[in-house]
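A.B. asks: mmCIF, C-alpha atoms, saved as target_35.cif, coming up:
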data_coords
#
loop_
_atom_site.label_atom_id
_atom_site.label_comp_id
_atom_site.auth_asym_id
_atom_site.auth_seq_id
_atom_site.Cartn_x
_atom_site.Cartn_y
_atom_site.Cartn_z
CA MET U 1 92.17 72.94 233.96
CA LYS U 2 94.00 73.87 237.11
CA PRO U 3 96.34 71.15 238.34
CA SER U 4 94.47 70.86 241.63
CA THR U 5 91.08 70.34 239.91
CA LYS U 6 92.65 67.77 237.64
CA VAL U 7 94.06 65.87 240.61
CA ILE U 8 90.63 65.79 242.27
CA LEU U 9 88.83 64.58 239.14
CA ASN U 10 91.45 61.92 238.45
CA GLY U 11 91.18 60.53 241.96
CA LEU U 12 87.41 60.36 241.99
CA TRP U 13 86.63 59.24 238.47
CA LYS U 14 89.11 59.20 235.60
CA ASP U 15 91.93 57.27 237.23
CA GLN U 16 89.78 56.01 240.07
CA PRO U 17 91.89 53.29 241.68
CA ILE U 18 89.48 50.36 241.67
CA PHE U 19 87.52 50.22 238.44
CA SER U 20 89.78 52.26 236.21
CA MET U 21 93.22 51.08 237.22
CA VAL U 22 92.10 47.78 238.81
CA LEU U 23 94.38 48.44 241.76
CA GLY U 24 93.83 47.50 245.37
CA ILE U 25 91.41 44.76 244.48
CA CYS U 26 92.45 42.36 247.26
CA SER U 27 91.31 44.50 250.11
CA SER U 28 88.25 45.81 248.35
CA LEU U 29 87.02 42.27 247.78
CA ALA U 30 87.92 40.92 251.18
CA VAL U 31 86.70 43.60 253.57
CA SER U 32 83.58 44.73 251.75
CA ASN U 33 81.29 42.15 253.36
CA LYS U 34 80.19 44.59 256.07
CA VAL U 35 79.81 48.36 256.01
CA GLU U 36 81.75 48.92 259.24
CA ASN U 37 84.72 46.95 257.91
CA ALA U 38 84.66 48.94 254.69
CA LEU U 39 84.53 52.25 256.55
CA ALA U 40 87.48 51.27 258.73
CA MET U 41 89.48 50.07 255.73
CA GLY U 42 88.67 53.19 253.69
CA ALA U 43 89.72 55.45 256.54
CA GLY U 44 92.87 53.41 257.12
CA VAL U 45 93.95 53.50 253.49
CA THR U 46 93.20 57.22 253.22
CA PHE U 47 95.22 57.96 256.34
CA ALA U 48 98.14 55.84 255.17
CA LEU U 49 98.00 57.51 251.74
CA ILE U 50 98.11 61.00 253.24
CA GLY U 51 100.99 60.12 255.56
CA THR U 52 102.90 58.50 252.75
CA ALA U 53 102.24 61.44 250.44
CA VAL U 54 103.56 63.98 252.94
CA LEU U 55 106.68 62.02 253.74
CA ILE U 56 107.59 60.96 250.23
CA ALA U 57 106.87 64.34 248.68
CA ALA U 58 108.93 66.03 251.38
CA LEU U 59 111.83 63.59 251.10
CA ARG U 60 111.68 63.05 247.34
CA LYS U 61 114.93 64.89 246.67
CA LEU U 62 116.74 62.98 249.41
CA ILE U 63 115.71 59.40 248.57
CA PRO U 64 118.22 57.91 246.13
CA GLY U 65 116.55 56.53 243.01
CA ARG U 66 117.98 53.04 243.33
CA VAL U 67 116.58 52.27 246.75
CA ARG U 68 113.38 54.24 246.39
CA MET U 69 111.07 51.21 246.32
CA ILE U 70 112.25 49.87 249.63
CA ALA U 71 112.20 53.38 251.09
CA TYR U 72 108.54 53.74 250.02
CA MET U 73 107.74 50.36 251.49
CA ILE U 74 109.21 51.29 254.85
CA ILE U 75 107.38 54.62 254.91
CA ILE U 76 104.11 52.93 253.99
CA ALA U 77 104.62 50.17 256.56
CA THR U 78 105.22 52.74 259.28
CA PHE U 79 101.87 54.38 258.66
CA VAL U 80 100.15 51.02 258.41
CA ILE U 81 101.47 50.12 261.87
CA VAL U 82 99.84 53.33 263.15
CA VAL U 83 96.53 52.40 261.52
CA ASP U 84 96.73 48.87 262.95
CA ARG U 85 97.45 50.10 266.48
CA VAL U 86 94.70 52.74 266.43
CA LEU U 87 92.18 50.19 265.17
CA LYS U 88 93.23 47.67 267.82
CA ALA U 89 92.91 50.21 270.61
CA MET U 90 89.69 51.93 269.56
CA PHE U 91 87.71 49.39 267.55
CA PRO U 92 88.78 45.95 268.78
CA ASP U 93 85.85 44.18 267.08
CA ILE U 94 86.58 45.59 263.67
CA SER U 95 90.27 44.98 264.21
CA ARG U 96 89.56 41.31 264.87
CA ALA U 97 87.45 41.04 261.73
CA ILE U 98 89.83 42.72 259.29
CA GLY U 99 93.08 42.46 261.27
CA PRO U 100 95.36 40.73 258.76
CA TYR U 101 93.97 42.77 255.88
CA VAL U 102 95.07 45.97 257.61
CA GLY U 103 98.65 44.75 257.48
CA LEU U 104 98.15 44.11 253.81
CA ILE U 105 97.56 47.81 253.15
CA ILE U 106 101.36 47.76 252.78
CA THR U 107 101.08 45.78 249.59
CA ASN U 108 97.96 47.62 248.48
CA CYS U 109 99.08 48.79 245.09
CA ILE U 110 97.22 52.08 245.40
CA LEU U 111 99.85 53.35 247.83
CA MET U 112 102.87 52.16 245.91
CA GLY U 113 101.27 53.21 242.63
CA ARG U 114 100.53 56.74 243.75
CA ALA U 115 103.96 57.09 245.35
CA GLU U 116 105.71 56.11 242.15
CA ALA U 117 103.36 57.97 239.81
CA PHE U 118 102.73 61.17 241.71
CA TYR U 119 104.33 61.92 245.06
CA VAL U 120 107.86 61.41 243.82
CA SER U 121 107.53 64.22 241.29
CA ASN U 122 105.15 66.66 242.98
CA GLY U 123 105.19 69.05 245.93
CA VAL U 124 103.73 68.30 249.37
CA GLY U 125 100.54 70.33 248.87
CA LEU U 126 99.51 68.74 245.60
CA SER U 127 100.49 65.29 246.89
CA ILE U 128 98.23 65.65 249.93
CA LEU U 129 95.37 66.65 247.64
CA ASP U 130 96.05 63.64 245.44
CA ALA U 131 96.18 61.36 248.49
CA VAL U 132 92.91 62.67 249.93
CA PHE U 133 91.00 62.22 246.70
CA ASN U 134 92.49 58.86 245.81
CA GLY U 135 91.60 57.77 249.32
CA LEU U 136 88.07 59.06 248.84
CA GLY U 137 87.83 57.41 245.44
CA TYR U 138 88.84 54.11 247.02
CA SER U 139 86.59 54.56 250.06
CA TYR U 140 83.39 55.39 248.22
CA THR U 141 83.65 52.31 246.02
CA LEU U 142 84.40 50.13 249.03
CA LEU U 143 81.38 51.62 250.80
CA LEU U 144 79.18 50.95 247.78
CA PHE U 145 80.29 47.28 247.60
CA SER U 146 79.78 46.80 251.31
CA VAL U 147 76.29 48.35 251.34
CA ILE U 148 75.19 45.96 248.59
CA ARG U 149 76.87 42.95 250.15
CA GLU U 150 75.79 43.55 253.73
CA LEU U 151 72.23 44.37 252.67
CA LEU U 152 71.82 41.22 250.61
CA GLY U 153 74.08 38.94 252.64
CA PHE U 154 72.96 39.79 256.17
CA GLY U 155 69.85 41.94 255.58
CA THR U 156 71.44 44.72 257.62
CA ILE U 157 73.39 47.95 257.19
CA LEU U 158 75.94 48.81 259.90
CA GLY U 159 74.41 46.00 261.95
CA MET U 160 70.89 47.45 261.88
CA ALA U 161 68.16 45.31 260.33
CA VAL U 162 66.95 46.93 257.14
CA MET U 163 65.27 44.15 255.24
CA PRO U 164 61.93 42.70 256.50
CA ALA U 165 62.14 39.55 258.58
CA SER U 166 60.75 37.48 255.72
CA PHE U 167 63.79 38.35 253.56
CA THR U 168 65.87 35.33 252.66
CA LYS U 169 69.52 36.17 253.17
CA TRP U 170 71.75 35.72 250.14
CA VAL U 171 74.51 34.06 252.11
CA ILE U 172 76.66 33.88 249.00
CA MET U 173 76.91 37.69 248.91
CA ALA U 174 78.77 37.71 252.21
CA MET U 175 81.25 35.12 250.94
CA ALA U 176 84.00 35.19 248.34
CA PRO U 177 81.90 34.54 245.19
CA GLY U 178 79.56 37.41 246.08
CA ALA U 179 82.53 39.75 246.27
CA PHE U 180 83.62 38.77 242.76
CA PHE U 181 80.14 39.22 241.32
CA VAL U 182 79.52 42.63 242.90
CA VAL U 183 82.91 44.00 241.87
CA SER U 184 82.61 42.67 238.32
CA LEU U 185 79.16 44.22 237.91
CA PHE U 186 80.53 47.49 239.22
CA ILE U 187 83.45 47.38 236.80
CA TRP U 188 81.07 46.58 233.94
CA ILE U 189 78.73 49.49 234.71
CA THR U 190 81.40 52.11 235.36
CA ARG U 191 83.55 51.11 232.42
CA THR U 192 80.58 51.20 230.07
CA LEU U 193 79.61 54.64 231.40
CA ALA U 194 83.16 55.91 231.12
CA LYS U 195 83.54 54.36 227.64
CA MET U 196 86.89 53.06 228.71
CA ASP U 197 89.36 51.33 226.49
CA PRO U 198 88.84 47.65 227.37
CA ASP U 199 92.52 46.86 227.38
CA LYS U 200 93.42 49.60 229.79
CA GLN U 201 94.80 48.23 232.97
CA GLY U 202 96.92 49.50 235.80
CA GLY U 203 100.54 48.74 236.45
CA GLY U 204 99.74 45.05 236.59
CA MET U 205 99.88 44.51 240.32
CA MET T 1 102.05 18.58 264.94
CA ASN T 2 101.99 15.12 263.44
CA ALA T 3 102.19 14.23 259.79
CA LEU T 4 98.43 13.83 259.40
CA ASN T 5 97.83 17.32 260.71
CA LEU T 6 100.37 18.72 258.30
CA LEU T 7 98.73 16.90 255.41
CA MET T 8 95.36 18.31 256.47
CA ILE T 9 96.74 21.83 256.51
CA PHE T 10 98.23 21.31 253.08
CA ILE T 11 94.96 20.06 251.58
CA ALA T 12 92.99 22.78 253.32
CA THR T 13 95.19 25.58 252.01
CA LEU T 14 95.18 24.04 248.55
CA LEU T 15 91.43 23.48 248.24
CA THR T 16 89.02 24.31 251.05
CA SER T 17 90.49 27.58 252.20
CA ASN T 18 92.28 28.54 249.03
CA ILE T 19 94.07 31.80 249.61
CA ALA T 20 92.86 33.34 246.34
CA LEU T 21 89.32 32.03 246.22
CA THR T 22 88.38 32.10 249.91
CA TYR T 23 90.57 34.79 251.43
CA LEU T 24 90.62 36.88 248.24
CA LEU T 25 94.33 37.55 248.44
CA GLY T 26 96.79 38.08 245.60
CA MET T 27 94.00 39.40 243.41
CA CYS T 28 95.89 42.05 241.46
CA PRO T 29 98.24 39.67 239.63
CA PHE T 30 95.39 37.15 239.55
CA ILE T 31 93.50 39.55 237.31
CA ALA T 32 96.37 41.17 235.45
CA LEU T 33 98.49 38.10 234.68
CA SER T 34 95.89 35.47 233.88
CA LYS T 35 95.64 36.06 230.15
CA ARG T 36 97.95 33.21 229.17
CA LEU T 37 98.46 29.89 230.88
CA SER T 38 102.25 29.93 230.48
CA THR T 39 102.55 33.37 232.09
CA ALA T 40 100.23 32.36 234.89
CA THR T 41 102.11 29.19 235.76
CA GLY T 42 105.45 31.00 235.50
CA MET T 43 104.26 33.56 237.99
CA GLY T 44 102.80 30.75 240.09
CA TYR T 45 106.11 28.88 240.42
CA ALA T 46 107.90 32.09 241.35
CA VAL T 47 105.26 32.79 244.00
CA ILE T 48 105.53 29.28 245.47
CA PHE T 49 109.27 29.62 245.68
CA VAL T 50 109.35 33.07 247.25
CA THR T 51 106.42 32.54 249.63
CA THR T 52 107.81 29.33 251.08
CA LEU T 53 111.29 30.75 251.38
CA THR T 54 110.20 34.00 253.04
CA ALA T 55 107.96 32.16 255.49
CA ALA T 56 110.94 30.00 256.44
CA VAL T 57 113.07 33.12 256.93
CA ASN T 58 110.42 35.24 258.64
CA TRP T 59 109.46 32.65 261.24
CA PRO T 60 112.85 32.52 262.98
CA ILE T 61 113.25 36.29 262.65
CA TYR T 62 109.95 36.86 264.43
CA HIS T 63 110.26 34.22 267.11
CA LEU T 64 113.99 34.31 267.76
CA VAL T 65 114.73 38.00 267.27
CA LEU T 66 111.65 40.20 267.51
CA VAL T 67 109.87 38.42 270.37
CA PRO T 68 112.89 38.30 272.72
CA LEU T 69 113.57 41.96 271.93
CA LYS T 70 109.89 42.82 272.55
CA ALA T 71 109.83 44.48 269.16
CA GLU T 72 106.83 42.63 267.68
CA LEU T 73 105.33 46.02 266.86
CA ILE T 74 107.60 46.57 263.90
CA TYR T 75 107.14 43.16 262.33
CA TYR T 76 105.38 44.62 259.27
CA VAL T 77 108.47 46.65 258.45
CA VAL T 78 110.80 43.75 259.11
CA PHE T 79 108.77 41.32 257.00
CA ILE T 80 108.65 43.50 253.92
CA ILE T 81 112.37 44.08 254.16
CA THR T 82 113.00 40.32 254.32
CA ILE T 83 110.70 39.77 251.37
CA ALA T 84 112.43 42.44 249.31
CA ALA T 85 115.83 41.06 250.32
CA VAL T 86 114.93 37.46 249.50
CA VAL T 87 113.58 38.47 246.10
CA GLN T 88 116.69 40.51 245.35
CA LEU T 89 118.95 37.67 246.45
CA LEU T 90 117.07 35.11 244.40
CA GLU T 91 117.31 37.31 241.36
CA MET T 92 121.06 37.62 241.70
CA LEU T 93 121.59 33.92 242.39
CA MET T 94 119.42 32.90 239.46
CA GLU T 95 121.15 35.26 237.10
CA LYS T 96 124.49 33.79 238.07
CA PHE T 97 123.73 30.09 238.36
CA PHE T 98 120.47 29.30 236.57
CA PRO T 99 120.13 31.63 233.58
CA ALA T 100 117.54 29.33 231.99
CA LEU T 101 115.32 29.52 235.06
CA GLN T 102 115.88 33.25 235.17
CA ALA T 103 114.63 33.55 231.61
CA SER T 104 111.48 31.56 232.37
CA PHE T 105 110.29 33.12 235.59
CA GLY T 106 112.89 35.68 236.53
CA ILE T 107 110.82 38.46 235.02
CA PHE T 108 108.11 37.86 237.59
CA LEU T 109 110.41 38.13 240.57
CA PRO T 110 110.41 41.94 241.00
CA LEU T 111 106.61 41.90 240.79
CA ILE T 112 106.40 39.49 243.69
CA THR T 113 107.59 42.03 246.25
CA VAL T 114 104.20 43.67 245.97
CA ASN T 115 102.20 40.46 245.68
CA CYS T 116 100.13 40.48 248.82
CA ILE T 117 100.05 36.72 249.35
CA VAL T 118 103.75 36.62 250.22
CA LEU T 119 103.23 39.06 253.06
CA ALA T 120 99.80 37.64 253.91
CA VAL T 121 101.17 34.14 254.46
CA SER T 122 103.83 35.47 256.82
CA LEU T 123 101.25 37.50 258.74
CA PHE T 124 98.76 34.63 258.97
CA MET T 125 101.41 32.22 260.21
CA ILE T 126 102.21 34.60 263.10
CA LEU T 127 98.53 35.28 263.79
CA ARG T 128 97.64 31.59 263.95
CA GLN T 129 100.72 30.78 266.01
CA TYR T 130 101.93 27.97 263.77
CA ASP T 131 105.20 26.28 264.63
CA PHE T 132 108.06 26.32 262.14
CA VAL T 133 107.27 23.16 260.15
CA THR T 134 103.56 23.95 260.01
CA SER T 135 104.36 27.45 258.80
CA VAL T 136 106.47 26.16 255.95
CA ILE T 137 103.82 23.62 254.91
CA TYR T 138 101.16 26.29 255.23
CA ALA T 139 103.19 28.68 253.07
CA PHE T 140 103.82 26.02 250.45
CA GLY T 141 100.17 24.93 250.39
CA SER T 142 98.83 28.47 250.19
CA SER T 143 101.06 29.49 247.34
CA ALA T 144 100.42 26.22 245.51
CA GLY T 145 96.69 26.85 245.98
CA TRP T 146 97.11 30.32 244.54
CA THR T 147 98.99 28.88 241.57
CA LEU T 148 96.24 26.33 241.03
CA ALA T 149 93.63 29.10 241.05
CA ILE T 150 95.50 31.39 238.65
CA ALA T 151 96.24 28.46 236.31
CA ILE T 152 92.54 27.53 236.17
CA MET T 153 91.71 31.17 235.61
CA ALA T 154 94.24 31.51 232.78
CA ALA T 155 93.01 28.34 231.08
CA ILE T 156 89.47 29.71 231.14
CA ASN T 157 90.67 33.08 229.85
CA GLU T 158 92.42 31.45 226.91
CA LYS T 159 89.12 29.86 225.91
CA LEU T 160 87.23 33.09 226.52
CA ALA T 161 89.53 34.90 224.12
CA LEU T 162 88.30 32.57 221.38
CA VAL T 163 84.66 33.35 222.08
CA GLY T 164 85.26 37.06 221.99
CA ASP T 165 81.61 38.08 222.26
CA VAL T 166 82.00 39.86 225.56
CA PRO T 167 80.22 43.20 226.17
CA ARG T 168 82.59 46.15 225.85
CA GLY T 169 82.67 47.32 229.45
CA MET T 170 82.96 43.75 230.66
CA LYS T 171 86.12 42.97 228.66
CA GLY T 172 89.34 42.50 230.62
CA PRO T 173 89.00 42.62 234.40
CA GLY T 174 85.20 42.44 234.42
CA ILE T 175 84.87 39.06 232.79
CA VAL T 176 87.85 37.73 234.75
CA MET T 177 86.06 38.61 237.99
CA VAL T 178 82.83 36.89 236.94
CA SER T 179 84.77 33.75 236.02
CA ALA T 180 86.67 33.94 239.30
CA GLY T 181 83.35 34.16 241.14
CA ILE T 182 82.14 31.00 239.45
CA ILE T 183 85.42 29.19 240.22
CA ALA T 184 85.08 30.32 243.84
CA LEU T 185 81.56 28.89 243.90
CA ALA T 186 82.90 25.59 242.57
CA PHE T 187 85.64 25.57 245.20
CA MET T 188 83.02 25.97 247.91
CA GLY T 189 82.06 22.43 247.01
CA PHE T 190 85.29 21.31 248.69
CA SER T 191 84.32 22.85 252.02
CA GLY T 192 83.63 20.34 254.72
CA MET T 193 86.23 17.98 253.25
CA VAL T 194 88.83 19.02 255.80
CA VAL T 195 88.35 21.50 258.60
CA VAL T 196 91.32 23.53 259.75
CA LYS T 197 90.98 26.63 261.86
#
Kindly return the structure encoded in the file as structure tokens.
C.D. replies:
Amino acid sequence: MKPSTKVILNGLWKDQPIFSMVLGICSSLAVSNKVENALAMGAGVTFALIGTAVLIAALRKLIPGRVRMIAYMIIIATFVIVVDRVLKAMFPDISRAIGPYVGLIITNCILMGRAEAFYVSNGVGLSILDAVFNGLGYSYTLLLFSVIRELLGFGTILGMAVMPASFTKWVIMAMAPGAFFVVSLFIWITRTLAKMDPDKQGGGM
Amino acid sequence: MNALNLLMIFIATLLTSNIALTYLLGMCPFIALSKRLSTATGMGYAVIFVTTLTAAVNWPIYHLVLVPLKAELIYYVVFIITIAAVVQLLEMLMEKFFPALQASFGIFLPLITVNCIVLAVSLFMILRQYDFVTSVIYAFGSSAGWTLAIAIMAAINEKLALVGDVPRGMKGPGIVMVSAGIIALAFMGFSGMVVVK
């Protein structure tokens, strides 16, 4: 397999951040109650990933090994500030809804994980590819959660009524327990399909 | 802020708006480190310590340095640097003065830098415009609430390990999430007890 194909497949399925590595769970649980929030978060994480990938891959020979973690953090934080500002200026409603969680992209382990596992040892081109497809892998799962949760919790998708008026809203789906149940079902299904080793888990954070 | 208000904030962060079970923060270690009760509580104590300390450091930095300099924009960068610095400092101090403590929860310290609740608490305290004392109480309550949640989770997981009849794909994170969902449901029973914005 060509390295670029491998990177794409890993991002979308084999090492897919959420169900396979169980990374970035915080944000995927918290912002998946509405489709618009999930879209904004997915785009934000993807953008931050690409920016981080470019910078770290380009600077990888210059960053001293001992302070690399803090250097990554600062690079990531810089891009997160950009995401936060853009969201505030262009989508103030979404920004109000997911505001603090945008800041927490910094501690989203997907970014740190990819930086440490991939960007530090690969060229800019391949790193961008990895960032794009990890971002997509994260975004499509987030979108899936949010469609289920918004549909059942509010009876709408992107704010438009989808369910008939007689539909009883499953309020619980829009709240914290619903998030846990949807994500756990998703993990169950995908891990069974992928025949994954049950003890496999990401870096731990 | 009077004492009653502070007590209300503490109870609210501990139970009604638990940072793990209501705001869904700090989930990665919540899932990865809740296999054994001793590990979970060890991590919990370290989190309480670091979260409270960083909130107490970040508050003056934000209000006394960044705001007068009109540099609020970069507070994300500044906060993560403080967190990393505090963790590093703690590690060195513990190694030197409290080797026993270091052995019991020192191993969790490096992991805390990327634990989102430490940063989240600092961000929330700025967002909600808490004063200094409230911020510290809020930070302590939130991290104690998180510890409570992960300890409950770990206790359940220890029992689950004895049952062992979990479907293959559900093993590990899957079953932890289902249990967490049920705990979150139970915690919703506390809502209405105290109301804090």
A.B. asks: Distance table requested - chain T against chain U, cut-off 8 Å, only C-alpha atoms: one row per qualifying residue with the closest atom pair and its distance in Å to one decimal, ordered by chain and rising residue number, as CSV.
C.D. replies:
residue,atom,partner,partner_atom,distance
T:Leu21,CA,U:Ala176,CA,6.5
T:Thr22,CA,U:Ala176,CA,5.6
T:Tyr23,CA,U:Ala30,CA,6.7
T:Leu24,CA,U:Ala30,CA,5.7
T:Leu25,CA,U:Cys26,CA,5.3
T:Gly26,CA,U:Cys26,CA,6.3
T:Met27,CA,U:Cys26,CA,5.1
T:Cys28,CA,U:Met205,CA,4.8
T:Pro29,CA,U:Met205,CA,5.2
T:Ala32,CA,U:Gly204,CA,5.3
T:Leu33,CA,U:Gly204,CA,7.3
T:Leu73,CA,U:Ile81,CA,7.5
T:Ile74,CA,U:Ile81,CA,7.4
T:Tyr76,CA,U:Ala77,CA,6.2
T:Val77,CA,U:Ala77,CA,5.5
T:Ile80,CA,U:Met73,CA,7.3
T:Ile81,CA,U:Ile70,CA,7.4
T:Ala84,CA,U:Ile70,CA,7.4
T:Leu111,CA,U:Met205,CA,7.2
T:Val114,CA,U:Thr107,CA,5.2
T:Asn115,CA,U:Thr107,CA,6.7
T:Cys116,CA,U:Thr107,CA,5.4
T:Leu119,CA,U:Leu104,CA,7.2
T:Ala120,CA,U:Leu104,CA,6.7
T:Leu123,CA,U:Pro100,CA,6.7
T:Phe124,CA,U:Pro100,CA,7.0
T:Arg168,CA,U:Pro198,CA,6.6
T:Gly169,CA,U:Thr192,CA,4.5
T:Met170,CA,U:Trp188,CA,4.7
T:Lys171,CA,U:Pro198,CA,5.6
T:Gly172,CA,U:Pro198,CA,6.1
T:Pro173,CA,U:Val22,CA,7.5
T:Gly174,CA,U:Ser184,CA,4.7
T:Ile175,CA,U:Ser184,CA,7.0
T:Met177,CA,U:Ser184,CA,5.3
T:Val178,CA,U:Phe181,CA,5.6
T:Ala180,CA,U:Phe180,CA,6.7
T:Gly181,CA,U:Pro177,CA,4.3
T:Ile182,CA,U:Pro177,CA,6.7
T:Ala184,CA,U:Pro177,CA,5.5
T:Leu185,CA,U:Pro177,CA,5.8
A.B. asks: Next, dump the selected residues to file, keeping only C-alpha atoms, as a CSV table (one decimal), in the frame of the given file.
C.D. replies:
chain,number,residue,atom,x,y,z
T,21,LEU,CA,89.3,32.0,246.2
T,22,THR,CA,88.4,32.1,249.9
T,23,TYR,CA,90.6,34.8,251.4
T,24,LEU,CA,90.6,36.9,248.2
T,25,LEU,CA,94.3,37.6,248.4
T,26,GLY,CA,96.8,38.1,245.6
T,27,MET,CA,94.0,39.4,243.4
T,28,CYS,CA,95.9,42.0,241.5
T,29,PRO,CA,98.2,39.7,239.6
T,32,ALA,CA,96.4,41.2,235.4
T,33,LEU,CA,98.5,38.1,234.7
T,73,LEU,CA,105.3,46.0,266.9
T,74,ILE,CA,107.6,46.6,263.9
T,76,TYR,CA,105.4,44.6,259.3
T,77,VAL,CA,108.5,46.6,258.4
T,80,ILE,CA,108.6,43.5,253.9
T,81,ILE,CA,112.4,44.1,254.2
T,84,ALA,CA,112.4,42.4,249.3
T,111,LEU,CA,106.6,41.9,240.8
T,114,VAL,CA,104.2,43.7,246.0
T,115,ASN,CA,102.2,40.5,245.7
T,116,CYS,CA,100.1,40.5,248.8
T,119,LEU,CA,103.2,39.1,253.1
T,120,ALA,CA,99.8,37.6,253.9
T,123,LEU,CA,101.2,37.5,258.7
T,124,PHE,CA,98.8,34.6,259.0
T,168,ARG,CA,82.6,46.2,225.8
T,169,GLY,CA,82.7,47.3,229.4
T,170,MET,CA,83.0,43.8,230.7
T,171,LYS,CA,86.1,43.0,228.7
T,172,GLY,CA,89.3,42.5,230.6
T,173,PRO,CA,89.0,42.6,234.4
T,174,GLY,CA,85.2,42.4,234.4
T,175,ILE,CA,84.9,39.1,232.8
T,177,MET,CA,86.1,38.6,238.0
T,178,VAL,CA,82.8,36.9,236.9
T,180,ALA,CA,86.7,33.9,239.3
T,181,GLY,CA,83.4,34.2,241.1
T,182,ILE,CA,82.1,31.0,239.4
T,184,ALA,CA,85.1,30.3,243.8
T,185,LEU,CA,81.6,28.9,243.9
A.B. asks: With the file shown as input, list the residues that the PyMOL selection byres ((chain U and resi 36-50) around 9) selects, as a ChimeraX atom specification.
C.D. replies: /U:27-28,31-35,51-55,76-80,82-84,87,94-95,97-98,101-102,105,108,110-111,114-115,127-136,138-140,142-143,145-146,157-159
A.B. asks: For the PyMOL selection byres ((chain T and resi 138) around 12), applied here, can you spell out every residue it catches as a ChimeraX atom specification?
C.D. replies: /T:5-14,17-19,48,51-53,55-56,118,120-126,128-137,139-145,196
A.B. asks: Can you measure CA of Leu37 in chain T to CA of Gln88 in chain T for me? One decimal in Å is fine.
C.D. replies: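 According to the coordinates, CA of Leu37 in chain T and CA of Gln88 in chain T are separated by 25.6 Å.
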A.B. asks: Work out how far CA of Val87 in chain T is from CA of Ala20 in chain T, in Å to one decimal.
C.D. replies: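 Separation between CA of Ala20 in chain T and CA of Val87 in chain T: 21.3 Å.
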A.B. asks: Which residue is closest to Thr41 in chain T? Choose from T:Met92, T:Ala149, T:Ile112, T:Val163 and count all atoms listed in the file.
C.D. replies: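 Closest candidate: T:Ala149.
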A.B. asks: At a cut-off of 12 Å, using all atoms listed in the file, what residues contact Glu72 in chain T? Leave out same-chain residues fewer than 3 positions from it and give the result as an NGL selection string.
C.D. replies: (:U and (81)) or (:T and (61-69 or 75-79 or 123 or 126-127))
A.B. asks: Hey, can you spit out that residue selection with C-alpha atoms as a compact mmCIF listing (two decimals), in the coordinates of the input?
C.D. replies:
# COMPACT_ATOMS: atom_id res chain seq x y z
CA ILE U 81 101.47 50.12 261.87
CA ILE T 61 113.25 36.29 262.65
CA TYR T 62 109.95 36.86 264.43
CA HIS T 63 110.26 34.22 267.11
CA LEU T 64 113.99 34.31 267.76
CA VAL T 65 114.73 38.00 267.27
CA LEU T 66 111.65 40.20 267.51
CA VAL T 67 109.87 38.42 270.37
CA PRO T 68 112.89 38.30 272.72
CA LEU T 69 113.57 41.96 271.93
CA TYR T 75 107.14 43.16 262.33
CA TYR T 76 105.38 44.62 259.27
CA VAL T 77 108.47 46.65 258.45
CA VAL T 78 110.80 43.75 259.11
CA PHE T 79 108.77 41.32 257.00
CA LEU T 123 101.25 37.50 258.74
CA ILE T 126 102.21 34.60 263.10
CA LEU T 127 98.53 35.28 263.79
